[in-house]
>>> print(open('start-v1.pdb').read())   # PDB, C-alpha atoms, pLDDT in the B column
MODEL        1
ATOM      1  CA  MET A 148      14.473   0.174  12.130  1.00 41.00           C
ATOM      2  CA  ALA A 149      13.359  -2.756  10.033  1.00 51.00           C
ATOM      3  CA  GLN A 150      11.887  -1.979   6.664  1.00 67.00           C
ATOM      4  CA  VAL A 151       8.193  -1.296   6.544  1.00 72.00           C
ATOM      5  CA  ASP A 152       7.522  -4.157   4.131  1.00 72.00           C
ATOM      6  CA  ASP A 153       9.275  -6.598   6.482  1.00 79.00           C
ATOM      7  CA  ILE A 154       6.949  -5.493   9.247  1.00 80.00           C
ATOM      8  CA  LEU A 155       3.869  -5.702   7.042  1.00 75.00           C
ATOM      9  CA  THR A 156       4.942  -9.175   6.009  1.00 75.00           C
ATOM     10  CA  ALA A 157       5.447 -10.162   9.628  1.00 80.00           C
ATOM     11  CA  VAL A 158       2.152  -8.923  11.014  1.00 77.00           C
ATOM     12  CA  GLY A 159       0.095  -9.866   7.969  1.00 72.00           C
ATOM     13  CA  TYR A 160      -0.107 -13.515   8.942  1.00 76.00           C
ATOM     14  CA  PRO A 161      -2.599 -14.641  11.615  1.00 77.00           C
ATOM     15  CA  ILE A 162      -0.276 -17.114  13.378  1.00 86.00           C
ATOM     16  CA  ARG A 163       2.434 -14.494  13.651  1.00 86.00           C
ATOM     17  CA  ARG A 164       0.006 -11.953  15.048  1.00 80.00           C
ATOM     18  CA  GLU A 165      -1.036 -14.502  17.683  1.00 83.00           C
ATOM     19  CA  MET A 166       2.631 -15.138  18.489  1.00 88.00           C
ATOM     20  CA  LEU A 167       3.143 -11.398  18.955  1.00 85.00           C
ATOM     21  CA  ARG A 168       0.122 -11.255  21.245  1.00 81.00           C
ATOM     22  CA  ARG A 169       1.520 -14.070  23.390  1.00 86.00           C
ATOM     23  CA  LEU A 170       4.949 -12.461  23.559  1.00 87.00           C
ATOM     24  CA  ALA A 171       3.386  -9.141  24.459  1.00 81.00           C
ATOM     25  CA  GLU A 172       2.218 -10.828  27.703  1.00 81.00           C
ATOM     26  CA  ARG A 173       5.668 -12.115  28.598  1.00 87.00           C
ATOM     27  CA  PRO A 174       8.797 -13.737  27.124  1.00 91.00           C
ATOM     28  CA  ARG A 175       8.259 -17.418  26.338  1.00 93.00           C
ATOM     29  CA  ARG A 176      10.326 -20.509  25.705  1.00 94.00           C
ATOM     30  CA  ALA A 177      10.007 -21.928  22.184  1.00 92.00           C
ATOM     31  CA  GLY A 178       7.925 -24.865  23.434  1.00 91.00           C
ATOM     32  CA  ASP A 179       5.589 -22.591  25.333  1.00 92.00           C
ATOM     33  CA  LEU A 180       5.250 -20.264  22.357  1.00 93.00           C
ATOM     34  CA  ALA A 181       4.384 -23.169  20.022  1.00 92.00           C
ATOM     35  CA  ARG A 182       1.758 -24.670  22.358  1.00 91.00           C
ATOM     36  CA  GLY A 183      -1.795 -24.789  21.058  1.00 88.00           C
ATOM     37  CA  PHE A 184      -0.989 -23.976  17.449  1.00 90.00           C
ATOM     38  CA  ALA A 185      -2.191 -26.423  14.804  1.00 89.00           C
ATOM     39  CA  VAL A 186       1.123 -26.179  12.965  1.00 89.00           C
ATOM     40  CA  SER A 187       4.404 -27.970  13.655  1.00 90.00           C
ATOM     41  CA  ARG A 188       7.080 -26.590  15.909  1.00 89.00           C
ATOM     42  CA  PRO A 189       9.534 -26.111  13.012  1.00 90.00           C
ATOM     43  CA  ALA A 190       6.837 -24.018  11.322  1.00 92.00           C
ATOM     44  CA  ILE A 191       6.556 -21.903  14.456  1.00 93.00           C
ATOM     45  CA  CYS A 192      10.341 -21.453  14.424  1.00 93.00           C
ATOM     46  CA  LYS A 193      10.098 -20.297  10.842  1.00 93.00           C
ATOM     47  CA  HIS A 194       7.413 -17.770  11.746  1.00 94.00           C
ATOM     48  CA  ALA A 195       9.573 -16.628  14.650  1.00 95.00           C
ATOM     49  CA  ARG A 196      12.441 -15.982  12.241  1.00 94.00           C
ATOM     50  CA  VAL A 197      10.186 -13.790  10.098  1.00 92.00           C
ATOM     51  CA  LEU A 198       9.241 -11.814  13.188  1.00 92.00           C
ATOM     52  CA  GLN A 199      12.897 -11.573  14.178  1.00 93.00           C
ATOM     53  CA  ARG A 200      13.936 -10.377  10.739  1.00 91.00           C
ATOM     54  CA  ALA A 201      11.356  -7.625  10.981  1.00 88.00           C
ATOM     55  CA  GLY A 202      12.902  -6.565  14.276  1.00 89.00           C
ATOM     56  CA  LEU A 203       9.720  -7.294  16.223  1.00 88.00           C
ATOM     57  CA  ILE A 204      11.003 -10.060  18.490  1.00 93.00           C
ATOM     58  CA  GLN A 205      14.341 -11.257  19.771  1.00 94.00           C
ATOM     59  CA  ALA A 206      15.592 -14.679  20.786  1.00 94.00           C
ATOM     60  CA  ALA A 207      18.054 -15.735  23.460  1.00 94.00           C
ATOM     61  CA  LYS A 208      19.420 -19.186  24.285  1.00 92.00           C
ATOM     62  CA  SER A 209      18.494 -20.588  27.663  1.00 88.00           C
ATOM     63  CA  GLY A 210      19.943 -24.036  28.153  1.00 89.00           C
ATOM     64  CA  ARG A 211      18.748 -26.144  25.234  1.00 89.00           C
ATOM     65  CA  GLU A 212      15.806 -23.952  24.410  1.00 88.00           C
ATOM     66  CA  ARG A 213      15.324 -20.567  22.831  1.00 93.00           C
ATOM     67  CA  VAL A 214      13.477 -17.890  24.721  1.00 95.00           C
ATOM     68  CA  TYR A 215      11.587 -15.362  22.643  1.00 95.00           C
ATOM     69  CA  ALA A 216      10.649 -11.860  23.718  1.00 92.00           C
ATOM     70  CA  LEU A 217       9.222  -8.757  22.089  1.00 88.00           C
ATOM     71  CA  ALA A 218      12.018  -6.529  20.832  1.00 88.00           C
ATOM     72  CA  PRO A 219      12.337  -3.052  22.356  1.00 84.00           C
ATOM     73  CA  GLY A 220      10.493  -0.645  20.094  1.00 80.00           C
ATOM     74  CA  ALA A 221       8.404  -3.383  18.446  1.00 81.00           C
ATOM     75  CA  GLY A 222       5.169  -1.595  19.193  1.00 76.00           C
ATOM     76  CA  ALA A 223       6.443   1.704  17.809  1.00 76.00           C
ATOM     77  CA  ALA A 224       7.749  -0.008  14.662  1.00 78.00           C
ATOM     78  CA  MET A 225       4.399  -1.719  14.044  1.00 76.00           C
ATOM     79  CA  HIS A 226       2.605   1.531  14.639  1.00 74.00           C
ATOM     80  CA  ALA A 227       4.854   3.328  12.144  1.00 75.00           C
ATOM     81  CA  ALA A 228       4.257   0.659   9.500  1.00 76.00           C
ATOM     82  CA  ALA A 229       0.505   0.791   9.985  1.00 75.00           C
ATOM     83  CA  ALA A 230       0.634   4.583   9.817  1.00 77.00           C
ATOM     84  CA  GLN A 231       2.410   4.420   6.483  1.00 76.00           C
ATOM     85  CA  VAL A 232      -0.299   2.157   5.081  1.00 76.00           C
ATOM     86  CA  GLU A 233      -2.975   4.481   6.416  1.00 79.00           C
ATOM     87  CA  GLU A 234      -1.201   7.469   4.931  1.00 80.00           C
ATOM     88  CA  LEU A 235      -1.011   5.903   1.499  1.00 82.00           C
ATOM     89  CA  SER A 236      -4.596   4.748   1.717  1.00 84.00           C
ATOM     90  CA  ALA A 237      -5.688   8.259   2.666  1.00 86.00           C
ATOM     91  CA  PHE A 238      -3.603   9.669  -0.163  1.00 87.00           C
ATOM     92  CA  TRP A 239      -5.496   7.623  -2.752  1.00 91.00           C
ATOM     93  CA  ASP A 240      -8.812   8.724  -1.279  1.00 91.00           C
ATOM     94  CA  ILE A 241      -7.873  12.352  -1.756  1.00 92.00           C
ATOM     95  CA  ALA A 242      -6.336  11.773  -5.197  1.00 93.00           C
ATOM     96  CA  LEU A 243      -9.284   9.781  -6.544  1.00 94.00           C
ATOM     97  CA  ASP A 244     -11.719  12.301  -5.171  1.00 94.00           C
ATOM     98  CA  ALA A 245      -9.860  15.080  -7.008  1.00 94.00           C
ATOM     99  CA  PHE A 246      -9.799  12.930 -10.146  1.00 96.00           C
ATOM    100  CA  ARG A 247     -13.548  12.358  -9.948  1.00 95.00           C
ATOM    101  CA  ARG A 248     -14.256  16.075  -9.642  1.00 95.00           C
ATOM    102  CA  VAL A 249     -12.193  16.871 -12.761  1.00 95.00           C
ATOM    103  CA  ALA A 250     -13.660  13.945 -14.709  1.00 94.00           C
ATOM    104  CA  GLU A 251     -17.160  15.187 -13.964  1.00 93.00           C
ATOM    105  CA  GLU A 252     -16.471  18.833 -14.854  1.00 87.00           C
ATOM    106  CA  GLY A 253     -18.619  20.346 -17.583  1.00 69.00           C
ATOM    107  CA  ARG A 254     -20.739  17.303 -18.179  1.00 56.00           C
TER
ATOM    108  CA  MET B 240       0.113  -5.330   1.350  1.00 66.00           C
ATOM    109  CA  THR B 241      -2.426  -4.185  -1.188  1.00 77.00           C
ATOM    110  CA  ILE B 242      -4.570  -1.079  -1.132  1.00 85.00           C
ATOM    111  CA  ARG B 243      -7.776  -1.178  -3.168  1.00 88.00           C
ATOM    112  CA  LYS B 244      -9.939   1.806  -3.967  1.00 91.00           C
ATOM    113  CA  SER B 245     -12.917   2.351  -6.213  1.00 93.00           C
ATOM    114  CA  ALA B 246     -14.670   5.412  -7.539  1.00 93.00           C
ATOM    115  CA  ASN B 247     -17.631   5.938  -9.826  1.00 94.00           C
ATOM    116  CA  VAL B 248     -17.465   8.868 -12.192  1.00 93.00           C
ATOM    117  CA  SER B 249     -20.253  10.148 -14.409  1.00 93.00           C
ATOM    118  CA  CYS B 250     -18.241  10.349 -17.654  1.00 93.00           C
ATOM    119  CA  GLY B 251     -17.433   7.538 -20.083  1.00 94.00           C
ATOM    120  CA  PRO B 252     -14.281   5.368 -19.925  1.00 95.00           C
ATOM    121  CA  ASP B 253     -12.557   7.271 -22.767  1.00 95.00           C
ATOM    122  CA  LYS B 254     -12.702  10.562 -20.931  1.00 94.00           C
ATOM    123  CA  ALA B 255     -11.995   8.985 -17.535  1.00 94.00           C
ATOM    124  CA  PHE B 256      -8.895   7.265 -18.941  1.00 96.00           C
ATOM    125  CA  ARG B 257      -7.679  10.431 -20.639  1.00 95.00           C
ATOM    126  CA  ILE B 258      -8.081  12.518 -17.521  1.00 94.00           C
ATOM    127  CA  PHE B 259      -6.374   9.899 -15.369  1.00 94.00           C
ATOM    128  CA  THR B 260      -3.368   9.646 -17.701  1.00 96.00           C
ATOM    129  CA  SER B 261      -2.517  12.481 -20.096  1.00 94.00           C
ATOM    130  CA  GLU B 262      -4.440  15.040 -18.025  1.00 94.00           C
ATOM    131  CA  ILE B 263      -3.203  13.853 -14.619  1.00 93.00           C
ATOM    132  CA  GLY B 264      -1.850  17.363 -14.013  1.00 92.00           C
ATOM    133  CA  ARG B 265      -5.410  18.648 -13.758  1.00 92.00           C
ATOM    134  CA  TRP B 266      -6.208  16.667 -10.627  1.00 92.00           C
ATOM    135  CA  TRP B 267      -3.175  15.085  -8.955  1.00 91.00           C
ATOM    136  CA  PRO B 268      -2.953  16.891  -5.594  1.00 87.00           C
ATOM    137  CA  LEU B 269       0.636  18.119  -6.051  1.00 86.00           C
ATOM    138  CA  LYS B 270       0.059  21.341  -4.146  1.00 81.00           C
ATOM    139  CA  ARG B 271      -1.366  19.463  -1.200  1.00 76.00           C
ATOM    140  CA  GLY B 272       1.952  17.845  -0.541  1.00 68.00           C
ATOM    141  CA  PHE B 273       1.612  14.835  -2.843  1.00 78.00           C
ATOM    142  CA  SER B 274       4.863  15.625  -4.545  1.00 82.00           C
ATOM    143  CA  MET B 275       8.408  14.311  -4.343  1.00 80.00           C
ATOM    144  CA  ALA B 276       9.607  17.915  -4.067  1.00 80.00           C
ATOM    145  CA  ARG B 277       6.914  19.601  -1.983  1.00 76.00           C
ATOM    146  CA  GLU B 278       7.453  23.365  -2.393  1.00 83.00           C
ATOM    147  CA  ARG B 279       9.195  22.954  -5.773  1.00 88.00           C
ATOM    148  CA  ALA B 280       6.258  20.927  -7.095  1.00 89.00           C
ATOM    149  CA  ASN B 281       5.090  22.179 -10.462  1.00 93.00           C
ATOM    150  CA  GLU B 282       3.905  19.587 -12.994  1.00 95.00           C
ATOM    151  CA  ILE B 283       3.197  15.865 -13.117  1.00 94.00           C
ATOM    152  CA  PHE B 284       2.899  13.548 -16.107  1.00 97.00           C
ATOM    153  CA  LEU B 285       1.726   9.998 -16.750  1.00 97.00           C
ATOM    154  CA  ASP B 286       2.432   8.782 -20.274  1.00 97.00           C
ATOM    155  CA  ASP B 287      -0.265   6.648 -21.887  1.00 96.00           C
ATOM    156  CA  HIS B 288       1.957   4.077 -23.541  1.00 97.00           C
ATOM    157  CA  VAL B 289       4.026   1.103 -22.376  1.00 97.00           C
ATOM    158  CA  GLY B 290       7.534   2.174 -21.416  1.00 97.00           C
ATOM    159  CA  GLY B 291       6.286   5.701 -20.827  1.00 97.00           C
ATOM    160  CA  ARG B 292       7.124   7.577 -17.665  1.00 97.00           C
ATOM    161  CA  PHE B 293       5.294   8.703 -14.572  1.00 96.00           C
ATOM    162  CA  TYR B 294       7.228  11.759 -13.472  1.00 96.00           C
ATOM    163  CA  GLU B 295       7.265  15.207 -11.972  1.00 95.00           C
ATOM    164  CA  ARG B 296       8.835  18.351 -13.342  1.00 95.00           C
ATOM    165  CA  PHE B 297       9.851  20.803 -10.661  1.00 94.00           C
ATOM    166  CA  THR B 298       9.800  24.604 -10.761  1.00 93.00           C
ATOM    167  CA  ASP B 299      13.508  24.654 -11.697  1.00 94.00           C
ATOM    168  CA  GLY B 300      12.823  22.421 -14.710  1.00 95.00           C
ATOM    169  CA  SER B 301      14.450  19.315 -13.287  1.00 94.00           C
ATOM    170  CA  GLU B 302      12.530  16.056 -13.433  1.00 94.00           C
ATOM    171  CA  CYS B 303      11.996  13.184 -11.028  1.00 92.00           C
ATOM    172  CA  GLU B 304      10.755   9.831 -12.205  1.00 94.00           C
ATOM    173  CA  ILE B 305       8.207   8.154  -9.952  1.00 92.00           C
ATOM    174  CA  GLY B 306       7.639   5.112 -12.135  1.00 95.00           C
ATOM    175  CA  ARG B 307       7.192   3.556 -15.574  1.00 97.00           C
ATOM    176  CA  VAL B 308       4.135   2.420 -17.484  1.00 98.00           C
ATOM    177  CA  ILE B 309       4.236  -1.364 -17.746  1.00 97.00           C
ATOM    178  CA  ARG B 310       0.788  -2.058 -19.237  1.00 97.00           C
ATOM    179  CA  CYS B 311      -1.472   0.262 -21.142  1.00 97.00           C
ATOM    180  CA  GLU B 312      -4.754  -0.681 -22.800  1.00 98.00           C
ATOM    181  CA  PRO B 313      -6.742   2.520 -23.358  1.00 96.00           C
ATOM    182  CA  PRO B 314      -9.397   3.121 -22.207  1.00 96.00           C
ATOM    183  CA  HIS B 315      -9.590   0.044 -19.973  1.00 97.00           C
ATOM    184  CA  LEU B 316      -6.356  -0.369 -18.099  1.00 98.00           C
ATOM    185  CA  ILE B 317      -3.076   1.210 -17.103  1.00 97.00           C
ATOM    186  CA  VAL B 318      -0.424  -0.303 -14.826  1.00 97.00           C
ATOM    187  CA  PHE B 319       2.566   1.705 -13.706  1.00 96.00           C
ATOM    188  CA  THR B 320       5.340   1.332 -11.168  1.00 94.00           C
ATOM    189  CA  PHE B 321       5.478   3.742  -8.267  1.00 89.00           C
ATOM    190  CA  LYS B 322       8.459   4.334  -6.027  1.00 84.00           C
ATOM    191  CA  SER B 323       8.757   7.060  -3.473  1.00 76.00           C
ATOM    192  CA  PRO B 324      12.322   7.909  -2.422  1.00 72.00           C
ATOM    193  CA  ALA B 325      11.237   7.002   1.115  1.00 65.00           C
ATOM    194  CA  TRP B 326      10.470   3.399   0.149  1.00 66.00           C
ATOM    195  CA  ASP B 327      12.779   0.450  -0.124  1.00 63.00           C
ATOM    196  CA  THR B 328      10.671  -1.258  -2.762  1.00 68.00           C
ATOM    197  CA  THR B 329       9.119  -0.410  -6.073  1.00 80.00           C
ATOM    198  CA  THR B 330       5.370  -0.798  -5.921  1.00 84.00           C
ATOM    199  CA  GLU B 331       2.796  -1.139  -8.648  1.00 90.00           C
ATOM    200  CA  VAL B 332      -0.458   0.700  -9.326  1.00 93.00           C
ATOM    201  CA  GLU B 333      -3.120  -0.843 -11.525  1.00 95.00           C
ATOM    202  CA  VAL B 334      -6.130   1.203 -12.602  1.00 95.00           C
ATOM    203  CA  ARG B 335      -9.098  -0.300 -14.429  1.00 97.00           C
ATOM    204  CA  PHE B 336     -11.864   1.640 -16.139  1.00 96.00           C
ATOM    205  CA  ALA B 337     -15.153  -0.154 -16.775  1.00 97.00           C
ATOM    206  CA  ALA B 338     -18.236   1.279 -18.437  1.00 97.00           C
ATOM    207  CA  VAL B 339     -21.232   1.075 -16.112  1.00 97.00           C
ATOM    208  CA  ALA B 340     -24.725   2.545 -16.231  1.00 96.00           C
ATOM    209  CA  GLY B 341     -24.309   6.291 -15.834  1.00 93.00           C
ATOM    210  CA  GLY B 342     -20.552   6.425 -16.262  1.00 94.00           C
ATOM    211  CA  THR B 343     -17.367   4.594 -15.398  1.00 95.00           C
ATOM    212  CA  ARG B 344     -16.263   2.512 -12.492  1.00 96.00           C
ATOM    213  CA  VAL B 345     -12.606   3.082 -11.634  1.00 94.00           C
ATOM    214  CA  ASP B 346     -10.847   0.374  -9.632  1.00 95.00           C
ATOM    215  CA  LEU B 347      -7.405   1.130  -8.318  1.00 94.00           C
ATOM    216  CA  GLU B 348      -5.022  -1.353  -6.768  1.00 91.00           C
ATOM    217  CA  HIS B 349      -1.718  -0.307  -5.209  1.00 88.00           C
ATOM    218  CA  ARG B 350       0.345  -3.381  -4.466  1.00 82.00           C
ATOM    219  CA  GLY B 351       3.798  -4.801  -4.076  1.00 73.00           C
ATOM    220  CA  PHE B 352       4.987  -3.776  -0.654  1.00 63.00           C
ATOM    221  CA  GLU B 353       6.119  -7.337  -0.452  1.00 54.00           C
ATOM    222  CA  THR B 354       6.704  -9.959  -3.078  1.00 41.00           C
ATOM    223  CA  SER B 355       5.597 -13.238  -1.593  1.00 35.00           C
ATOM    224  CA  PRO B 356       2.679 -15.396  -2.766  1.00 33.00           C
ATOM    225  CA  THR B 357       0.916 -14.985   0.567  1.00 34.00           C
ATOM    226  CA  MET B 358       0.219 -11.333  -0.194  1.00 34.00           C
ATOM    227  CA  ARG B 359      -3.521 -11.810   0.158  1.00 38.00           C
ATOM    228  CA  GLU B 360      -3.233 -13.196   3.669  1.00 40.00           C
ATOM    229  CA  ARG B 361      -0.963 -10.366   4.658  1.00 39.00           C
ATOM    230  CA  GLY B 362      -3.482  -7.820   3.554  1.00 43.00           C
ATOM    231  CA  LYS B 363      -5.914  -9.171   6.118  1.00 42.00           C
ATOM    232  CA  GLY B 364      -3.890  -7.632   8.914  1.00 40.00           C
ATOM    233  CA  PHE B 365      -5.151  -4.209   7.917  1.00 42.00           C
ATOM    234  CA  ALA B 366      -8.536  -5.257   6.573  1.00 39.00           C
ATOM    235  CA  GLY B 367     -10.390  -3.580   9.424  1.00 39.00           C
ATOM    236  CA  GLY B 368      -8.702  -0.239   8.840  1.00 36.00           C
ATOM    237  CA  TRP B 369      -9.213  -0.416   5.109  1.00 33.00           C
ATOM    238  CA  ASP B 370     -12.872  -1.295   5.480  1.00 37.00           C
ATOM    239  CA  ILE B 371     -13.422   1.895   7.416  1.00 36.00           C
ATOM    240  CA  VAL B 372     -11.506   3.949   4.868  1.00 32.00           C
ATOM    241  CA  LEU B 373     -13.388   2.338   1.991  1.00 32.00           C
ATOM    242  CA  ALA B 374     -16.758   2.946   3.587  1.00 38.00           C
ATOM    243  CA  GLN B 375     -15.838   6.603   3.957  1.00 36.00           C
ATOM    244  CA  PHE B 376     -14.627   6.689   0.382  1.00 29.00           C
ATOM    245  CA  ALA B 377     -17.833   5.135  -0.947  1.00 35.00           C
ATOM    246  CA  GLU B 378     -19.768   7.776   0.943  1.00 40.00           C
ATOM    247  CA  ASP B 379     -17.716  10.601  -0.583  1.00 37.00           C
ATOM    248  CA  ALA B 380     -17.800   9.096  -4.060  1.00 35.00           C
ATOM    249  CA  THR B 381     -21.580   8.813  -4.164  1.00 37.00           C
ATOM    250  CA  ARG B 382     -22.273  12.220  -2.676  1.00 39.00           C
TER
ENDMDL
END
>>> encode(input="start-v1.pdb", output="structure tokens")
Amino acid sequence: MAQVDDILTAVGYPIRREMLRRLAERPRRAGDLARGFAVSRPAICKHARVLQRAGLIQAAKSGRERVYALAPGAGAAMHAAAAQVEELSAFWDIALDAFRRVAEEGR
Amino acid sequence: MTIRKSANVSCGPDKAFRIFTSEIGRWWPLKRGFSMARERANEIFLDDHVGGRFYERFTDGSECEIGRVIRCEPPHLIVFTFKSPAWDTTTEVEVRFAAVAGGTRVDLEHRGFETSPTMRERGKGFAGGWDIVLAQFAEDATR
């Protein structure tokens, strides 16, 4: 599985989240995937590489164009990354709450 | 990815800083599983000087370093690294203590799960979840 920080990097950018949403509907050719975005096609390719590196999407050649699709397990990997963030966030809630109680002892 | 938390405590910054650092063993929830060793968890320390260590000492006397103190300005600020064995990266925790009416405001930032300049944009992906957590936290902290 890709590293959690790779996944957080990948899904932390609005364009990449939109790309994931589109690919969740169905696999798309590069041109189709880039349609409607206000950024250049090379920029979309760059974003696609970030998503690929995180193991969230995969690319296959079809004629002259690349076809992108969600990678198997992408949803589970994203879920695991989000869960880790939640876990850490919850940890600090508990820790700071315990800190506050000690800091306010015997005042 | 950056996690931000705040808490208001009713003591002054000097005491808040001391309890957060040299007296961390009094509150860090080691026994609730927040330990690198779980059942062998025994003591935890956070030195209050630059280059100092953030570490655990287990029941068998062995030690495990969690991080190092990289900035320390008592009683206002401490920054230390934080790496769990389960993580691929070393992260950073910054804690600020500011005197406010009735006590001290403590702001904690846990950052560094990635190292690119677009960190702030990345954080937005989880903003919704964090907002909920923070709202809950604010509720608990003011109770």
>>> atom_distance(input="start-v1.pdb", atom1="atom CA of Glu172 of chain A", atom2="atom CA of Val158 of chain A")
16.8 Å
>>> residues_around(input="start-v1.pdb", residues="Glu302 of chain B", least_positions_apart="2", cutoff="12 Å", atoms="only C-alpha atoms", output="PyMOL selection string")
chain B and resi 274-276+279-284+292-300+304-305
>>> resolve_selection(input="start-v1.pdb", expression="the PyMOL selection byres ((chain B and resi 313) around 10)", output="PDB file with C-alpha atoms, keeping the file's coordinate frame")
ATOM      1  CA  PRO B 252     -14.281   5.368 -19.925  1.00 95.00           C
ATOM      2  CA  ASP B 253     -12.557   7.271 -22.767  1.00 95.00           C
ATOM      3  CA  PHE B 256      -8.895   7.265 -18.941  1.00 96.00           C
ATOM      4  CA  ARG B 257      -7.679  10.431 -20.639  1.00 95.00           C
ATOM      5  CA  THR B 260      -3.368   9.646 -17.701  1.00 96.00           C
ATOM      6  CA  ASP B 287      -0.265   6.648 -21.887  1.00 96.00           C
ATOM      7  CA  HIS B 288       1.957   4.077 -23.541  1.00 97.00           C
ATOM      8  CA  ARG B 310       0.788  -2.058 -19.237  1.00 97.00           C
ATOM      9  CA  CYS B 311      -1.472   0.262 -21.142  1.00 97.00           C
ATOM     10  CA  GLU B 312      -4.754  -0.681 -22.800  1.00 98.00           C
ATOM     11  CA  PRO B 314      -9.397   3.121 -22.207  1.00 96.00           C
ATOM     12  CA  HIS B 315      -9.590   0.044 -19.973  1.00 97.00           C
ATOM     13  CA  LEU B 316      -6.356  -0.369 -18.099  1.00 98.00           C
ATOM     14  CA  ILE B 317      -3.076   1.210 -17.103  1.00 97.00           C
ATOM     15  CA  ARG B 335      -9.098  -0.300 -14.429  1.00 97.00           C
ATOM     16  CA  PHE B 336     -11.864   1.640 -16.139  1.00 96.00           C
TER      17      PHE B 336
END
>>> atom_distance(input="start-v1.pdb", atom1="atom CA of Arg271 of chain B", atom2="atom CA of Asp244 of chain A")
13.2 Å
>>> resolve_selection(input="start-v1.pdb", expression="the ChimeraX specification (/B :<9) & /A", output="count of residues only")
33
>>> residues_around(input="start-v1.pdb", residues="segment 214-217 of chain A", least_positions_apart="4", cutoff="12 Å", atoms="all atoms listed in the file", output="ChimeraX atom specification")
/A:166-181,191-192,194-196,198-199,201-210,221-225
>>> write_last_selection(input="start-v1.pdb", atoms="C-alpha atoms", output="PDB file, in the coordinates of the input")
ATOM      1  CA  MET A 166       2.631 -15.138  18.489  1.00 88.00           C
ATOM      2  CA  LEU A 167       3.143 -11.398  18.955  1.00 85.00           C
ATOM      3  CA  ARG A 168       0.122 -11.255  21.245  1.00 81.00           C
ATOM      4  CA  ARG A 169       1.520 -14.070  23.390  1.00 86.00           C
ATOM      5  CA  LEU A 170       4.949 -12.461  23.559  1.00 87.00           C
ATOM      6  CA  ALA A 171       3.386  -9.141  24.459  1.00 81.00           C
ATOM      7  CA  GLU A 172       2.218 -10.828  27.703  1.00 81.00           C
ATOM      8  CA  ARG A 173       5.668 -12.115  28.598  1.00 87.00           C
ATOM      9  CA  PRO A 174       8.797 -13.737  27.124  1.00 91.00           C
ATOM     10  CA  ARG A 175       8.259 -17.418  26.338  1.00 93.00           C
ATOM     11  CA  ARG A 176      10.326 -20.509  25.705  1.00 94.00           C
ATOM     12  CA  ALA A 177      10.007 -21.928  22.184  1.00 92.00           C
ATOM     13  CA  GLY A 178       7.925 -24.865  23.434  1.00 91.00           C
ATOM     14  CA  ASP A 179       5.589 -22.591  25.333  1.00 92.00           C
ATOM     15  CA  LEU A 180       5.250 -20.264  22.357  1.00 93.00           C
ATOM     16  CA  ALA A 181       4.384 -23.169  20.022  1.00 92.00           C
ATOM     17  CA  ILE A 191       6.556 -21.903  14.456  1.00 93.00           C
ATOM     18  CA  CYS A 192      10.341 -21.453  14.424  1.00 93.00           C
ATOM     19  CA  HIS A 194       7.413 -17.770  11.746  1.00 94.00           C
ATOM     20  CA  ALA A 195       9.573 -16.628  14.650  1.00 95.00           C
ATOM     21  CA  ARG A 196      12.441 -15.982  12.241  1.00 94.00           C
ATOM     22  CA  LEU A 198       9.241 -11.814  13.188  1.00 92.00           C
ATOM     23  CA  GLN A 199      12.897 -11.573  14.178  1.00 93.00           C
ATOM     24  CA  ALA A 201      11.356  -7.625  10.981  1.00 88.00           C
ATOM     25  CA  GLY A 202      12.902  -6.565  14.276  1.00 89.00           C
ATOM     26  CA  LEU A 203       9.720  -7.294  16.223  1.00 88.00           C
ATOM     27  CA  ILE A 204      11.003 -10.060  18.490  1.00 93.00           C
ATOM     28  CA  GLN A 205      14.341 -11.257  19.771  1.00 94.00           C
ATOM     29  CA  ALA A 206      15.592 -14.679  20.786  1.00 94.00           C
ATOM     30  CA  ALA A 207      18.054 -15.735  23.460  1.00 94.00           C
ATOM     31  CA  LYS A 208      19.420 -19.186  24.285  1.00 92.00           C
ATOM     32  CA  SER A 209      18.494 -20.588  27.663  1.00 88.00           C
ATOM     33  CA  GLY A 210      19.943 -24.036  28.153  1.00 89.00           C
ATOM     34  CA  ALA A 221       8.404  -3.383  18.446  1.00 81.00           C
ATOM     35  CA  GLY A 222       5.169  -1.595  19.193  1.00 76.00           C
ATOM     36  CA  ALA A 223       6.443   1.704  17.809  1.00 76.00           C
ATOM     37  CA  ALA A 224       7.749  -0.008  14.662  1.00 78.00           C
ATOM     38  CA  MET A 225       4.399  -1.719  14.044  1.00 76.00           C
TER      39      MET A 225
END
>>> atom_distance(input="start-v1.pdb", atom1="atom CA of Ala185 of chain A", atom2="atom CA of Arg163 of chain A")
12.8 Å
>>> axis_aligned_box(input="start-v1.pdb", around="segment 228-238 of chain A", padding_each_side="4 Å", output="JSON")
{"center_x": -0.7, "center_y": 5.2, "center_z": 4.9, "size_x": 17.9, "size_y": 17.0, "size_z": 18.1}
>>> closest_residue(input="start-v1.pdb", among="B:Ile309, B:Val334, B:Val318, B:Val339", to="Gly290 of chain B", atoms="all atoms listed in the file")
B:Ile309
